[in-house]
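Here is the structure we will look at, set down as structure tokens.
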Amino acid sequence: MKKREIFLDFTSLLDVIMIILFFFILFSTFEIDEATKAANQTKAEYETKVDEAEAVLAEYQKEKDRLLSIDKNAVKNQEALLQYQGQILTINLYDKFDDDTLYINIKKGENKLDEFIYTESVDMKTKLTDTIKMTEFTNDDVIICNLTYNGDDLYSANAVKQIEKSVNDLQKEYENFYFAAINISK
């Protein structure tokens with residue numbers, strides 16, 4: 001018997017393997033590009049959130065430092081209040097003629113500084129700041145301010161909230177600004 005020679009042709013098998021290999025390489029690079037884009041987008045969002053968090057943290061730190069300085073200055077403030085010889089800034093919120101119109105009168109001692117009709121559109125912080133500037137108080141002066149109002153008057157609750165918010169803003173500018181609200185309703 002004669003032995004036959006076996007001849008194996010791997011050309012077509014190599015072609016198929018190359019096509020499959022090319023297919024996997026091509027689609028894996030597409031996935032890598034998409035994953036890279038998603039990673040970059042996530043990184044950008046993360047950096048934005050970090051920046052926002054740092055800004056909020058800085059704001060809270062500033063407020064914390066302000067509050068701690070209030071505690072540190074408590075003794076100094078108490079001594080200043082005991083020695084206080086100045087005049088008190090008075091804000092009166094009243095209904096003049098029972099016509100549901102609220103008036104605001106601001107005085108320093110017995111001197112009337114300002115009087116106006118309260119509406120929700122009145123910028124109380126600006127009004128109070130301008131009045132304090134008229135009195136020539138400085139940021140280091142002790143300012144004692146009291147608000148008297150009748151809680152039974154119409155709209156007085158909104159007015160008192162707006163005045164208190166404005167005073168809180170002013171207390172950040174004037175360290176020695178003291179405020180009390182007195183409700184004279186029965």
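If you're wondering about the labels, chains in the structure tokens are A, B, ... by order shown, residues count from 1 in each chain, ligands from 1 in order shown.
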For the structure I just gave you, how does DSSP split chain A - specifically, which residues are alpha helix (DSSP H)? Reply as a PDB file with N, CA and C atoms, in the first residue's frame.
ATOM      1  N   THR A  11      -5.180  28.234   5.117  1.00  0.00           N
ATOM      2  CA  THR A  11      -5.400  29.585   4.636  1.00  0.00           C
ATOM      3  C   THR A  11      -6.793  30.079   4.984  1.00  0.00           C
ATOM      4  N   SER A  12      -7.797  29.330   4.728  1.00  0.00           N
ATOM      5  CA  SER A  12      -9.161  29.785   5.018  1.00  0.00           C
ATOM      6  C   SER A  12      -9.387  29.884   6.529  1.00  0.00           C
ATOM      7  N   LEU A  13      -8.799  28.980   7.302  1.00  0.00           N
ATOM      8  CA  LEU A  13      -8.926  29.042   8.751  1.00  0.00           C
ATOM      9  C   LEU A  13      -8.257  30.302   9.287  1.00  0.00           C
ATOM     10  N   LEU A  14      -7.101  30.635   8.752  1.00  0.00           N
ATOM     11  CA  LEU A  14      -6.419  31.856   9.171  1.00  0.00           C
ATOM     12  C   LEU A  14      -7.220  33.099   8.785  1.00  0.00           C
ATOM     13  N   ASP A  15      -7.836  33.060   7.638  1.00  0.00           N
ATOM     14  CA  ASP A  15      -8.683  34.193   7.226  1.00  0.00           C
ATOM     15  C   ASP A  15      -9.828  34.398   8.214  1.00  0.00           C
ATOM     16  N   VAL A  16     -10.490  33.324   8.595  1.00  0.00           N
ATOM     17  CA  VAL A  16     -11.610  33.416   9.534  1.00  0.00           C
ATOM     18  C   VAL A  16     -11.121  33.919  10.893  1.00  0.00           C
ATOM     19  N   ILE A  17     -10.005  33.407  11.364  1.00  0.00           N
ATOM     20  CA  ILE A  17      -9.449  33.836  12.654  1.00  0.00           C
ATOM     21  C   ILE A  17      -9.085  35.318  12.595  1.00  0.00           C
ATOM     22  N   MET A  18      -8.509  35.781  11.511  1.00  0.00           N
ATOM     23  CA  MET A  18      -8.150  37.193  11.359  1.00  0.00           C
ATOM     24  C   MET A  18      -9.397  38.083  11.344  1.00  0.00           C
ATOM     25  N   ILE A  19     -10.436  37.634  10.667  1.00  0.00           N
ATOM     26  CA  ILE A  19     -11.688  38.413  10.637  1.00  0.00           C
ATOM     27  C   ILE A  19     -12.274  38.509  12.042  1.00  0.00           C
ATOM     28  N   ILE A  20     -12.315  37.427  12.777  1.00  0.00           N
ATOM     29  CA  ILE A  20     -12.846  37.432  14.146  1.00  0.00           C
ATOM     30  C   ILE A  20     -11.979  38.320  15.040  1.00  0.00           C
ATOM     31  N   LEU A  21     -10.678  38.194  14.913  1.00  0.00           N
ATOM     32  CA  LEU A  21      -9.760  39.017  15.693  1.00  0.00           C
ATOM     33  C   LEU A  21      -9.939  40.501  15.375  1.00  0.00           C
ATOM     34  N   PHE A  22     -10.059  40.822  14.114  1.00  0.00           N
ATOM     35  CA  PHE A  22     -10.295  42.201  13.688  1.00  0.00           C
ATOM     36  C   PHE A  22     -11.609  42.730  14.265  1.00  0.00           C
ATOM     37  N   PHE A  23     -12.641  41.908  14.232  1.00  0.00           N
ATOM     38  CA  PHE A  23     -13.954  42.279  14.766  1.00  0.00           C
ATOM     39  C   PHE A  23     -13.841  42.625  16.255  1.00  0.00           C
ATOM     40  N   PHE A  24     -13.186  41.763  17.066  1.00  0.00           N
ATOM     41  CA  PHE A  24     -13.069  42.012  18.499  1.00  0.00           C
ATOM     42  C   PHE A  24     -12.206  43.239  18.797  1.00  0.00           C
ATOM     43  N   ILE A  25     -11.154  43.437  18.065  1.00  0.00           N
ATOM     44  CA  ILE A  25     -10.292  44.607  18.269  1.00  0.00           C
ATOM     45  C   ILE A  25     -11.053  45.885  17.948  1.00  0.00           C
ATOM     46  N   LEU A  26     -11.789  45.875  16.840  1.00  0.00           N
ATOM     47  CA  LEU A  26     -12.543  47.055  16.416  1.00  0.00           C
ATOM     48  C   LEU A  26     -13.604  47.426  17.443  1.00  0.00           C
ATOM     49  N   PHE A  27     -14.398  46.464  17.891  1.00  0.00           N
ATOM     50  CA  PHE A  27     -15.466  46.778  18.838  1.00  0.00           C
ATOM     51  C   PHE A  27     -14.945  47.032  20.247  1.00  0.00           C
ATOM     52  N   SER A  28     -13.820  46.497  20.612  1.00  0.00           N
ATOM     53  CA  SER A  28     -13.260  46.797  21.932  1.00  0.00           C
ATOM     54  C   SER A  28     -12.758  48.238  21.986  1.00  0.00           C
ATOM     55  N   THR A  29     -12.247  48.773  20.876  1.00  0.00           N
ATOM     56  CA  THR A  29     -11.826  50.179  20.873  1.00  0.00           C
ATOM     57  C   THR A  29     -13.025  51.108  20.943  1.00  0.00           C
ATOM     58  N   PHE A  30     -14.152  50.720  20.324  1.00  0.00           N
ATOM     59  CA  PHE A  30     -15.370  51.525  20.460  1.00  0.00           C
ATOM     60  C   PHE A  30     -15.817  51.571  21.912  1.00  0.00           C
ATOM     61  N   GLU A  31     -15.771  50.443  22.596  1.00  0.00           N
ATOM     62  CA  GLU A  31     -16.171  50.399  23.997  1.00  0.00           C
ATOM     63  C   GLU A  31     -15.205  51.198  24.860  1.00  0.00           C
ATOM     64  N   ILE A  32     -13.925  51.150  24.540  1.00  0.00           N
ATOM     65  CA  ILE A  32     -12.933  51.918  25.299  1.00  0.00           C
ATOM     66  C   ILE A  32     -13.182  53.417  25.117  1.00  0.00           C
ATOM     67  N   ASP A  33     -13.487  53.847  23.891  1.00  0.00           N
ATOM     68  CA  ASP A  33     -13.777  55.264  23.638  1.00  0.00           C
ATOM     69  C   ASP A  33     -15.009  55.714  24.409  1.00  0.00           C
ATOM     70  N   GLU A  34     -16.057  54.886  24.389  1.00  0.00           N
ATOM     71  CA  GLU A  34     -17.280  55.237  25.114  1.00  0.00           C
ATOM     72  C   GLU A  34     -17.021  55.264  26.618  1.00  0.00           C
ATOM     73  N   ALA A  35     -16.263  54.299  27.106  1.00  0.00           N
ATOM     74  CA  ALA A  35     -15.938  54.266  28.538  1.00  0.00           C
ATOM     75  C   ALA A  35     -15.078  55.464  28.930  1.00  0.00           C
ATOM     76  N   THR A  36     -14.164  55.863  28.059  1.00  0.00           N
ATOM     77  CA  THR A  36     -13.318  57.028  28.325  1.00  0.00           C
ATOM     78  C   THR A  36     -14.157  58.304  28.376  1.00  0.00           C
ATOM     79  N   LYS A  37     -15.090  58.435  27.423  1.00  0.00           N
ATOM     80  CA  LYS A  37     -15.967  59.615  27.422  1.00  0.00           C
ATOM     81  C   LYS A  37     -16.817  59.648  28.686  1.00  0.00           C
ATOM     82  N   ALA A  38     -17.378  58.510  29.069  1.00  0.00           N
ATOM     83  CA  ALA A  38     -18.202  58.453  30.281  1.00  0.00           C
ATOM     84  C   ALA A  38     -17.363  58.768  31.513  1.00  0.00           C
ATOM     85  N   ALA A  39     -16.137  58.262  31.556  1.00  0.00           N
ATOM     86  CA  ALA A  39     -15.256  58.538  32.694  1.00  0.00           C
ATOM     87  C   ALA A  39     -14.903  60.022  32.765  1.00  0.00           C
ATOM     88  N   ASN A  40     -14.613  60.622  31.618  1.00  0.00           N
ATOM     89  CA  ASN A  40     -14.286  62.057  31.601  1.00  0.00           C
ATOM     90  C   ASN A  40     -15.480  62.902  32.037  1.00  0.00           C
ATOM     91  N   GLN A  41     -16.671  62.527  31.599  1.00  0.00           N
ATOM     92  CA  GLN A  41     -17.877  63.262  31.983  1.00  0.00           C
ATOM     93  C   GLN A  41     -18.113  63.124  33.493  1.00  0.00           C
ATOM     94  N   THR A  42     -17.950  61.925  34.011  1.00  0.00           N
ATOM     95  CA  THR A  42     -18.115  61.698  35.444  1.00  0.00           C
ATOM     96  C   THR A  42     -17.067  62.474  36.240  1.00  0.00           C
ATOM     97  N   LYS A  43     -15.860  62.514  35.736  1.00  0.00           N
ATOM     98  CA  LYS A  43     -14.789  63.268  36.400  1.00  0.00           C
ATOM     99  C   LYS A  43     -15.118  64.758  36.435  1.00  0.00           C
ATOM    100  N   ALA A  44     -15.640  65.300  35.330  1.00  0.00           N
ATOM    101  CA  ALA A  44     -16.012  66.715  35.279  1.00  0.00           C
ATOM    102  C   ALA A  44     -17.139  67.011  36.267  1.00  0.00           C
ATOM    103  N   GLU A  45     -18.138  66.122  36.326  1.00  0.00           N
ATOM    104  CA  GLU A  45     -19.235  66.311  37.277  1.00  0.00           C
ATOM    105  C   GLU A  45     -18.713  66.256  38.712  1.00  0.00           C
ATOM    106  N   TYR A  46     -17.814  65.333  38.963  1.00  0.00           N
ATOM    107  CA  TYR A  46     -17.228  65.202  40.293  1.00  0.00           C
ATOM    108  C   TYR A  46     -16.473  66.471  40.679  1.00  0.00           C
ATOM    109  N   GLU A  47     -15.662  67.007  39.754  1.00  0.00           N
ATOM    110  CA  GLU A  47     -14.906  68.220  40.050  1.00  0.00           C
ATOM    111  C   GLU A  47     -15.831  69.406  40.298  1.00  0.00           C
ATOM    112  N   THR A  48     -16.942  69.470  39.566  1.00  0.00           N
ATOM    113  CA  THR A  48     -17.922  70.533  39.789  1.00  0.00           C
ATOM    114  C   THR A  48     -18.530  70.404  41.182  1.00  0.00           C
ATOM    115  N   LYS A  49     -18.897  69.177  41.561  1.00  0.00           N
ATOM    116  CA  LYS A  49     -19.483  68.950  42.891  1.00  0.00           C
ATOM    117  C   LYS A  49     -18.470  69.272  43.991  1.00  0.00           C
ATOM    118  N   VAL A  50     -17.213  68.947  43.768  1.00  0.00           N
ATOM    119  CA  VAL A  50     -16.169  69.253  44.753  1.00  0.00           C
ATOM    120  C   VAL A  50     -16.027  70.770  44.907  1.00  0.00           C
ATOM    121  N   ASP A  51     -16.030  71.497  43.789  1.00  0.00           N
ATOM    122  CA  ASP A  51     -15.928  72.957  43.847  1.00  0.00           C
ATOM    123  C   ASP A  51     -17.118  73.556  44.593  1.00  0.00           C
ATOM    124  N   GLU A  52     -18.324  73.050  44.313  1.00  0.00           N
ATOM    125  CA  GLU A  52     -19.518  73.540  45.005  1.00  0.00           C
ATOM    126  C   GLU A  52     -19.425  73.239  46.499  1.00  0.00           C
ATOM    127  N   ALA A  53     -18.992  72.039  46.828  1.00  0.00           N
ATOM    128  CA  ALA A  53     -18.869  71.665  48.240  1.00  0.00           C
ATOM    129  C   ALA A  53     -17.835  72.532  48.948  1.00  0.00           C
ATOM    130  N   GLU A  54     -16.724  72.826  48.284  1.00  0.00           N
ATOM    131  CA  GLU A  54     -15.703  73.686  48.891  1.00  0.00           C
ATOM    132  C   GLU A  54     -16.227  75.099  49.106  1.00  0.00           C
ATOM    133  N   ALA A  55     -17.042  75.597  48.177  1.00  0.00           N
ATOM    134  CA  ALA A  55     -17.624  76.931  48.341  1.00  0.00           C
ATOM    135  C   ALA A  55     -18.578  76.955  49.532  1.00  0.00           C
ATOM    136  N   VAL A  56     -19.409  75.923  49.655  1.00  0.00           N
ATOM    137  CA  VAL A  56     -20.342  75.848  50.783  1.00  0.00           C
ATOM    138  C   VAL A  56     -19.567  75.716  52.094  1.00  0.00           C
ATOM    139  N   LEU A  57     -18.530  74.898  52.085  1.00  0.00           N
ATOM    140  CA  LEU A  57     -17.717  74.727  53.280  1.00  0.00           C
ATOM    141  C   LEU A  57     -17.052  76.044  53.692  1.00  0.00           C
ATOM    142  N   ALA A  58     -16.562  76.800  52.726  1.00  0.00           N
ATOM    143  CA  ALA A  58     -15.938  78.086  53.030  1.00  0.00           C
ATOM    144  C   ALA A  58     -16.961  79.057  53.625  1.00  0.00           C
ATOM    145  N   GLU A  59     -18.173  79.041  53.085  1.00  0.00           N
ATOM    146  CA  GLU A  59     -19.230  79.921  53.608  1.00  0.00           C
ATOM    147  C   GLU A  59     -19.586  79.526  55.040  1.00  0.00           C
ATOM    148  N   TYR A  60     -19.732  78.229  55.292  1.00  0.00           N
ATOM    149  CA  TYR A  60     -20.036  77.774  56.643  1.00  0.00           C
ATOM    150  C   TYR A  60     -18.886  78.077  57.600  1.00  0.00           C
ATOM    151  N   GLN A  61     -17.665  77.951  57.134  1.00  0.00           N
ATOM    152  CA  GLN A  61     -16.503  78.254  57.976  1.00  0.00           C
ATOM    153  C   GLN A  61     -16.496  79.735  58.353  1.00  0.00           C
ATOM    154  N   LYS A  62     -16.830  80.578  57.395  1.00  0.00           N
ATOM    155  CA  LYS A  62     -16.881  82.021  57.656  1.00  0.00           C
ATOM    156  C   LYS A  62     -17.954  82.332  58.705  1.00  0.00           C
ATOM    157  N   GLU A  63     -19.128  81.712  58.563  1.00  0.00           N
ATOM    158  CA  GLU A  63     -20.198  81.923  59.532  1.00  0.00           C
ATOM    159  C   GLU A  63     -19.810  81.368  60.901  1.00  0.00           C
ATOM    160  N   LYS A  64     -19.147  80.220  60.921  1.00  0.00           N
ATOM    161  CA  LYS A  64     -18.683  79.633  62.181  1.00  0.00           C
ATOM    162  C   LYS A  64     -17.692  80.570  62.867  1.00  0.00           C
ATOM    163  N   ASP A  65     -16.760  81.112  62.105  1.00  0.00           N
ATOM    164  CA  ASP A  65     -15.783  82.045  62.673  1.00  0.00           C
ATOM    165  C   ASP A  65     -16.472  83.289  63.229  1.00  0.00           C
ATOM    166  N   ARG A  66     -17.502  83.761  62.511  1.00  0.00           N
ATOM    167  CA  ARG A  66     -18.248  84.933  62.987  1.00  0.00           C
ATOM    168  C   ARG A  66     -18.934  84.616  64.315  1.00  0.00           C
ATOM    169  N   LEU A  67     -19.560  83.433  64.389  1.00  0.00           N
ATOM    170  CA  LEU A  67     -20.250  83.048  65.619  1.00  0.00           C
ATOM    171  C   LEU A  67     -19.271  82.837  66.766  1.00  0.00           C
ATOM    172  N   LEU A  68     -18.106  82.256  66.476  1.00  0.00           N
ATOM    173  CA  LEU A  68     -17.102  82.083  67.526  1.00  0.00           C
ATOM    174  C   LEU A  68     -16.566  83.423  68.013  1.00  0.00           C
ATOM    175  N   SER A  69     -16.430  84.384  67.087  1.00  0.00           N
ATOM    176  CA  SER A  69     -15.946  85.700  67.506  1.00  0.00           C
ATOM    177  C   SER A  69     -16.977  86.398  68.388  1.00  0.00           C
ATOM    178  N   ILE A  70     -18.254  86.097  68.168  1.00  0.00           N
ATOM    179  CA  ILE A  70     -19.292  86.665  69.044  1.00  0.00           C
ATOM    180  C   ILE A  70     -19.079  86.154  70.464  1.00  0.00           C
ATOM    181  N   ASP A  71     -18.821  84.854  70.600  1.00  0.00           N
ATOM    182  CA  ASP A  71     -18.566  84.297  71.921  1.00  0.00           C
ATOM    183  C   ASP A  71     -17.313  84.897  72.547  1.00  0.00           C
ATOM    184  N   LYS A  72     -16.249  85.068  71.756  1.00  0.00           N
ATOM    185  CA  LYS A  72     -15.008  85.630  72.275  1.00  0.00           C
ATOM    186  C   LYS A  72     -15.199  87.077  72.713  1.00  0.00           C
ATOM    187  N   ALA A  74     -17.960  88.319  73.940  1.00  0.00           N
ATOM    188  CA  ALA A  74     -19.105  88.443  74.841  1.00  0.00           C
ATOM    189  C   ALA A  74     -18.784  89.315  76.049  1.00  0.00           C
ATOM    190  N   VAL A  75     -17.621  89.097  76.659  1.00  0.00           N
ATOM    191  CA  VAL A  75     -17.248  89.895  77.835  1.00  0.00           C
ATOM    192  C   VAL A  75     -17.081  91.355  77.435  1.00  0.00           C
ATOM    193  N   LYS A  76     -16.379  91.583  76.333  1.00  0.00           N
ATOM    194  CA  LYS A  76     -16.169  92.949  75.857  1.00  0.00           C
ATOM    195  C   LYS A  76     -17.520  93.611  75.542  1.00  0.00           C
ATOM    196  N   ASN A  77     -18.402  92.865  74.928  1.00  0.00           N
ATOM    197  CA  ASN A  77     -19.720  93.404  74.590  1.00  0.00           C
ATOM    198  C   ASN A  77     -20.536  93.701  75.848  1.00  0.00           C
ATOM    199  N   GLN A  78     -20.468  92.815  76.824  1.00  0.00           N
ATOM    200  CA  GLN A  78     -21.210  93.047  78.062  1.00  0.00           C
ATOM    201  C   GLN A  78     -20.693  94.299  78.764  1.00  0.00           C
ATOM    202  N   GLU A  79     -19.382  94.479  78.822  1.00  0.00           N
ATOM    203  CA  GLU A  79     -18.817  95.684  79.443  1.00  0.00           C
ATOM    204  C   GLU A  79     -19.245  96.929  78.670  1.00  0.00           C
ATOM    205  N   ALA A  80     -19.244  96.848  77.368  1.00  0.00           N
ATOM    206  CA  ALA A  80     -19.652  97.993  76.555  1.00  0.00           C
ATOM    207  C   ALA A  80     -21.119  98.324  76.808  1.00  0.00           C
ATOM    208  N   LEU A  81     -21.947  97.305  76.953  1.00  0.00           N
ATOM    209  CA  LEU A  81     -23.365  97.560  77.229  1.00  0.00           C
ATOM    210  C   LEU A  81     -23.562  98.207  78.604  1.00  0.00           C
ATOM    211  N   LEU A  82     -22.783  97.760  79.581  1.00  0.00           N
ATOM    212  CA  LEU A  82     -22.906  98.341  80.914  1.00  0.00           C
ATOM    213  C   LEU A  82     -22.469  99.806  80.932  1.00  0.00           C
ATOM    214  N   MET A 124     -36.254  96.837  53.537  1.00  0.00           N
ATOM    215  CA  MET A 124     -36.005  97.235  54.919  1.00  0.00           C
ATOM    216  C   MET A 124     -34.515  97.332  55.223  1.00  0.00           C
ATOM    217  N   LYS A 125     -33.710  96.448  54.661  1.00  0.00           N
ATOM    218  CA  LYS A 125     -32.278  96.499  54.954  1.00  0.00           C
ATOM    219  C   LYS A 125     -31.691  97.820  54.478  1.00  0.00           C
ATOM    220  N   THR A 126     -32.073  98.251  53.280  1.00  0.00           N
ATOM    221  CA  THR A 126     -31.573  99.522  52.755  1.00  0.00           C
ATOM    222  C   THR A 126     -32.057 100.679  53.622  1.00  0.00           C
ATOM    223  N   LYS A 127     -33.341 100.644  54.004  1.00  0.00           N
ATOM    224  CA  LYS A 127     -33.889 101.714  54.856  1.00  0.00           C
ATOM    225  C   LYS A 127     -33.132 101.783  56.179  1.00  0.00           C
ATOM    226  N   LEU A 128     -32.919 100.624  56.807  1.00  0.00           N
ATOM    227  CA  LEU A 128     -32.221 100.621  58.093  1.00  0.00           C
ATOM    228  C   LEU A 128     -30.756 101.028  57.948  1.00  0.00           C
ATOM    229  N   THR A 129     -30.108 100.559  56.893  1.00  0.00           N
ATOM    230  CA  THR A 129     -28.708 100.934  56.651  1.00  0.00           C
ATOM    231  C   THR A 129     -28.590 102.440  56.440  1.00  0.00           C
ATOM    232  N   ASP A 130     -29.477 103.009  55.634  1.00  0.00           N
ATOM    233  CA  ASP A 130     -29.445 104.455  55.398  1.00  0.00           C
ATOM    234  C   ASP A 130     -29.688 105.225  56.691  1.00  0.00           C
ATOM    235  N   THR A 131     -30.609 104.727  57.514  1.00  0.00           N
ATOM    236  CA  THR A 131     -30.907 105.402  58.781  1.00  0.00           C
ATOM    237  C   THR A 131     -29.696 105.338  59.718  1.00  0.00           C
ATOM    238  N   ILE A 132     -29.045 104.185  59.786  1.00  0.00           N
ATOM    239  CA  ILE A 132     -27.863 104.064  60.648  1.00  0.00           C
ATOM    240  C   ILE A 132     -26.754 104.983  60.152  1.00  0.00           C
ATOM    241  N   LYS A 133     -26.612 105.108  58.841  1.00  0.00           N
ATOM    242  CA  LYS A 133     -25.594 106.015  58.297  1.00  0.00           C
ATOM    243  C   LYS A 133     -25.926 107.468  58.635  1.00  0.00           C
ATOM    244  N   MET A 134     -27.231 107.809  58.666  1.00  0.00           N
ATOM    245  CA  MET A 134     -27.631 109.173  59.047  1.00  0.00           C
ATOM    246  C   MET A 134     -27.235 109.473  60.489  1.00  0.00           C
ATOM    247  N   SER A 156     -48.777  92.849  60.457  1.00  0.00           N
ATOM    248  CA  SER A 156     -47.624  93.100  61.322  1.00  0.00           C
ATOM    249  C   SER A 156     -46.681  91.899  61.370  1.00  0.00           C
ATOM    250  N   ALA A 157     -47.210  90.689  61.271  1.00  0.00           N
ATOM    251  CA  ALA A 157     -46.352  89.495  61.315  1.00  0.00           C
ATOM    252  C   ALA A 157     -45.358  89.499  60.157  1.00  0.00           C
ATOM    253  N   ASN A 158     -45.827  89.834  58.949  1.00  0.00           N
ATOM    254  CA  ASN A 158     -44.932  89.898  57.787  1.00  0.00           C
ATOM    255  C   ASN A 158     -43.906  91.011  57.957  1.00  0.00           C
ATOM    256  N   ALA A 159     -44.359  92.148  58.453  1.00  0.00           N
ATOM    257  CA  ALA A 159     -43.456  93.280  58.631  1.00  0.00           C
ATOM    258  C   ALA A 159     -42.372  92.948  59.650  1.00  0.00           C
ATOM    259  N   VAL A 160     -42.757  92.314  60.758  1.00  0.00           N
ATOM    260  CA  VAL A 160     -41.794  91.970  61.800  1.00  0.00           C
ATOM    261  C   VAL A 160     -40.773  90.972  61.250  1.00  0.00           C
ATOM    262  N   LYS A 161     -41.229  89.976  60.492  1.00  0.00           N
ATOM    263  CA  LYS A 161     -40.296  89.009  59.892  1.00  0.00           C
ATOM    264  C   LYS A 161     -39.303  89.712  58.972  1.00  0.00           C
ATOM    265  N   GLN A 162     -39.802  90.635  58.160  1.00  0.00           N
ATOM    266  CA  GLN A 162     -38.919  91.340  57.222  1.00  0.00           C
ATOM    267  C   GLN A 162     -37.926  92.224  57.983  1.00  0.00           C
ATOM    268  N   ILE A 163     -38.378  92.898  59.027  1.00  0.00           N
ATOM    269  CA  ILE A 163     -37.490  93.745  59.825  1.00  0.00           C
ATOM    270  C   ILE A 163     -36.436  92.881  60.527  1.00  0.00           C
ATOM    271  N   GLU A 164     -36.849  91.763  61.126  1.00  0.00           N
ATOM    272  CA  GLU A 164     -35.900  90.895  61.818  1.00  0.00           C
ATOM    273  C   GLU A 164     -34.865  90.320  60.849  1.00  0.00           C
ATOM    274  N   LYS A 165     -35.276  89.941  59.652  1.00  0.00           N
ATOM    275  CA  LYS A 165     -34.333  89.438  58.648  1.00  0.00           C
ATOM    276  C   LYS A 165     -33.337  90.530  58.272  1.00  0.00           C
ATOM    277  N   SER A 166     -33.824  91.749  58.099  1.00  0.00           N
ATOM    278  CA  SER A 166     -32.934  92.864  57.765  1.00  0.00           C
ATOM    279  C   SER A 166     -31.961  93.144  58.895  1.00  0.00           C
ATOM    280  N   VAL A 167     -32.443  93.080  60.128  1.00  0.00           N
ATOM    281  CA  VAL A 167     -31.577  93.311  61.283  1.00  0.00           C
ATOM    282  C   VAL A 167     -30.519  92.211  61.376  1.00  0.00           C
ATOM    283  N   ASN A 168     -30.900  90.965  61.117  1.00  0.00           N
ATOM    284  CA  ASN A 168     -29.910  89.867  61.127  1.00  0.00           C
ATOM    285  C   ASN A 168     -28.813  90.122  60.102  1.00  0.00           C
ATOM    286  N   ASP A 169     -29.185  90.628  58.940  1.00  0.00           N
ATOM    287  CA  ASP A 169     -28.185  90.973  57.923  1.00  0.00           C
ATOM    288  C   ASP A 169     -27.292  92.112  58.412  1.00  0.00           C
ATOM    289  N   LEU A 170     -27.889  93.100  59.080  1.00  0.00           N
ATOM    290  CA  LEU A 170     -27.112  94.231  59.589  1.00  0.00           C
ATOM    291  C   LEU A 170     -26.152  93.805  60.701  1.00  0.00           C
ATOM    292  N   GLN A 171     -26.537  92.803  61.483  1.00  0.00           N
ATOM    293  CA  GLN A 171     -25.677  92.352  62.574  1.00  0.00           C
ATOM    294  C   GLN A 171     -24.394  91.723  62.051  1.00  0.00           C
ATOM    295  N   LYS A 172     -24.386  91.313  60.801  1.00  0.00           N
ATOM    296  CA  LYS A 172     -23.153  90.791  60.202  1.00  0.00           C
ATOM    297  C   LYS A 172     -22.195  91.934  59.878  1.00  0.00           C
ATOM    298  N   GLU A 173     -22.743  93.106  59.567  1.00  0.00           N
ATOM    299  CA  GLU A 173     -21.916  94.272  59.243  1.00  0.00           C
ATOM    300  C   GLU A 173     -21.505  95.044  60.494  1.00  0.00           C
TER     301      GLU A 173
END
| field | Those of chain A in DSSP strand (DSSP E or B), formatted as a ChimeraX atom specification | value | /A:89-95,102-108,111-117,143-149,177-183
| field | Contact residues around segment 101-116 of chain A with only C-alpha atoms at 10 Å, ignoring same-chain residues under 3 positions, as number ranges by chain | value | A: 86-98, 119, 122, 127-128, 130-132, 134-135, 144-149, 153-156, 159
| remark: Taken to one decimal, the atom CA of Asn139 of chain A-atom CA of Asn176 of chain A distance is 7.6 Å
| message | What does the structure give for the distance between atom CA of Phe179 of chain A and atom CA of Thr138 of chain A, in Å to one decimal? | response |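 Interatomic distance, atom CA of Phe179 of chain A to atom CA of Thr138 of chain A: 16.4 Å.
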